[in-house]
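J.: Sharing a structure here in structure tokens format.
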Amino acid sequence: MLRRLVPALLAATTLLVVAAAVYAATAQEDGGTPPPPPAELVPPAETAPEYEPVRWRRSRSLGPPWAGRLVAGVQLPSEGADFFTWDPVLRRSPNRGWRRWGSDRLIRVVLRVLRDHRAAYSFAPRVGIGDISRPRGGNFGKRFGGVGHASHQNGLDVDVWYPRLDGLEQRAERVGLIDVELAQDLVDRFVAAGAQYVFVGPRTPLSGPRRRVQPLINHDDHMHVRIRPR
């Protein structure tokens, strides 16, 4: 039985090979393309990474940024298509979840600015986002690590790390590592988005409208953006 099947199988295989060769040659002569490979030989398409969704709700920012609190805040995800988060105390990514709560308005402004920035500079690395506020706002001083924050208490302040020339998703430890073109674009976009203040490092060449873009010590590695309350 096996002796009968082997010649038949060989003949069938030969016919398939010849038919495939004739089809491919005919398609090329007609300006067409050969048939696609079998489905099992086609590598699966790459899928876009899935990021945490933003859980939106209407927030209230009470009191000033240096003596206030946050009601119904919105948490910025640990990362997204246009940003990563950086913990300034542990010096690693992502930032801890309790350090990245803001008003819904601030989170929307940040996401829109970063989306438009990446659309304009498709080669740009993702932008680093640092501290925002605690879940209910309030004091964010030295007892929470590092040098602490004098403000960041009502969900209207956010730290944005300057993009690096080498494209690494890390803090720029020196001014010489800052991609000034990309950093200036971010400053300009936050100003255009209605930021009340953008504080930048005094040793950086970043600039903008004098009353809204101001130099501030301890900001040579990141900008501090503050939006207006509703």
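Labels used: A, B, ... for chains in the order of the structure tokens, numbers from 1 for residues in each chain, and numbers from 1 for ligands as shown.
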I need the alpha helix (DSSP H) residues of region 95-163 of chain A per DSSP on the backbone, written as number ranges by chain.

T.: A: 104-120

J.: Got a sec: who's within 10 Å of region 59-70 of chain A, counting only C-alpha atoms, leaving out chain neighbours fewer than 3 positions off, as JSON, numbers by chain?

T.: {"A": [56, 73, 74, 101, 102, 103, 104, 105, 106, 133, 134, 135, 136, 137, 138, 139, 140, 149, 150, 151, 152, 153, 154, 155, 156, 157, 226, 228, 229, 230]}

J.: What's around Ala193 (chain A) at 10 Å? Count only C-alpha atoms, leave out sequence neighbours fewer than 6 positions away in its own chain, and write the answer as a list of chain:residue names.

T.: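 Answer for this query is A:Val109, A:Val110, A:Arg112, A:Val113, A:Val187, A:Ile227.
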
J.: I need the residues from that last selection saved to file as a compact mmCIF listing (two decimals), in the first residue's frame (with N, CA and C atoms), if you can.

T.:
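File written: out.txt
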```
# COMPACT_ATOMS: atom_id res chain seq x y z
N VAL A 109 -4.51 69.42 29.27
CA VAL A 109 -3.54 70.34 28.66
C VAL A 109 -2.23 69.61 28.39
N VAL A 110 -1.76 68.86 29.36
CA VAL A 110 -0.49 68.14 29.20
C VAL A 110 -0.57 67.15 28.05
N ARG A 112 -2.58 67.09 25.48
CA ARG A 112 -2.74 67.76 24.19
C ARG A 112 -1.42 68.37 23.71
N VAL A 113 -0.71 69.02 24.61
CA VAL A 113 0.58 69.63 24.24
C VAL A 113 1.57 68.57 23.79
N VAL A 187 7.99 74.69 25.64
CA VAL A 187 7.70 75.95 26.34
C VAL A 187 6.67 76.75 25.56
N ILE A 227 -0.89 75.95 35.29
CA ILE A 227 -2.03 76.47 34.55
C ILE A 227 -2.92 77.27 35.49
```

J.: Extract, using only C-alpha atoms, all DNA, RNA and protein residues at most 9 Å from Asp221 (chain A), discarding same-chain residues fewer than 3 positions from it, and format them as a list in words.

T.: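 Counting only C-alpha atoms, the residues come to Val160, Trp161, Tyr162, Arg171, Ala172, Glu173, Arg174, Val175, Ile178, Val200, Gly201, Thr204 and Asn218 of chain A.
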
J.: Those residues with N, CA and C atoms, as an mmCIF file, in the first residue's frame please?

T.:
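Output saved as again33.cif:
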```cif
data_model
loop_
_atom_site.group_PDB
_atom_site.id
_atom_site.type_symbol
_atom_site.label_atom_id
_atom_site.label_comp_id
_atom_site.auth_asym_id
_atom_site.auth_seq_id
_atom_site.Cartn_x
_atom_site.Cartn_y
_atom_site.Cartn_z
ATOM 1 N N VAL A 160 7.984 69.002 33.885
ATOM 2 C CA VAL A 160 8.200 68.394 32.568
ATOM 3 C C VAL A 160 9.707 68.351 32.325
ATOM 4 N N TRP A 161 10.243 67.170 32.139
ATOM 5 C CA TRP A 161 11.684 67.028 31.929
ATOM 6 C C TRP A 161 12.053 67.464 30.509
ATOM 7 N N TYR A 162 13.163 68.158 30.413
ATOM 8 C CA TYR A 162 13.621 68.597 29.091
ATOM 9 C C TYR A 162 14.038 67.388 28.252
ATOM 10 N N ARG A 171 16.262 61.878 32.921
ATOM 11 C CA ARG A 171 16.501 63.265 33.296
ATOM 12 C C ARG A 171 17.793 63.752 32.654
ATOM 13 N N ALA A 172 17.785 65.000 32.182
ATOM 14 C CA ALA A 172 19.009 65.615 31.641
ATOM 15 C C ALA A 172 19.795 66.195 32.817
ATOM 16 N N GLU A 173 20.851 65.510 33.222
ATOM 17 C CA GLU A 173 21.601 65.918 34.410
ATOM 18 C C GLU A 173 22.365 67.217 34.209
ATOM 19 N N ARG A 174 22.676 67.533 32.930
ATOM 20 C CA ARG A 174 23.432 68.750 32.635
ATOM 21 C C ARG A 174 22.719 69.523 31.542
ATOM 22 N N VAL A 175 22.893 70.840 31.572
ATOM 23 C CA VAL A 175 22.269 71.692 30.562
ATOM 24 C C VAL A 175 22.731 71.298 29.170
ATOM 25 N N ILE A 178 20.526 68.946 27.075
ATOM 26 C CA ILE A 178 19.171 69.341 26.684
ATOM 27 C C ILE A 178 19.085 69.572 25.180
ATOM 28 N N VAL A 200 11.670 77.998 34.037
ATOM 29 C CA VAL A 200 12.764 77.296 33.360
ATOM 30 C C VAL A 200 14.069 77.557 34.098
ATOM 31 N N GLY A 201 15.057 76.737 33.817
ATOM 32 C CA GLY A 201 16.344 76.877 34.480
ATOM 33 C C GLY A 201 17.067 78.156 34.078
ATOM 34 N N THR A 204 19.649 77.711 31.308
ATOM 35 C CA THR A 204 19.201 77.268 29.986
ATOM 36 C C THR A 204 18.926 78.490 29.113
ATOM 37 N N ASN A 218 17.020 75.644 40.514
ATOM 38 C CA ASN A 218 16.683 74.217 40.611
ATOM 39 C C ASN A 218 15.790 73.737 39.466
#
```
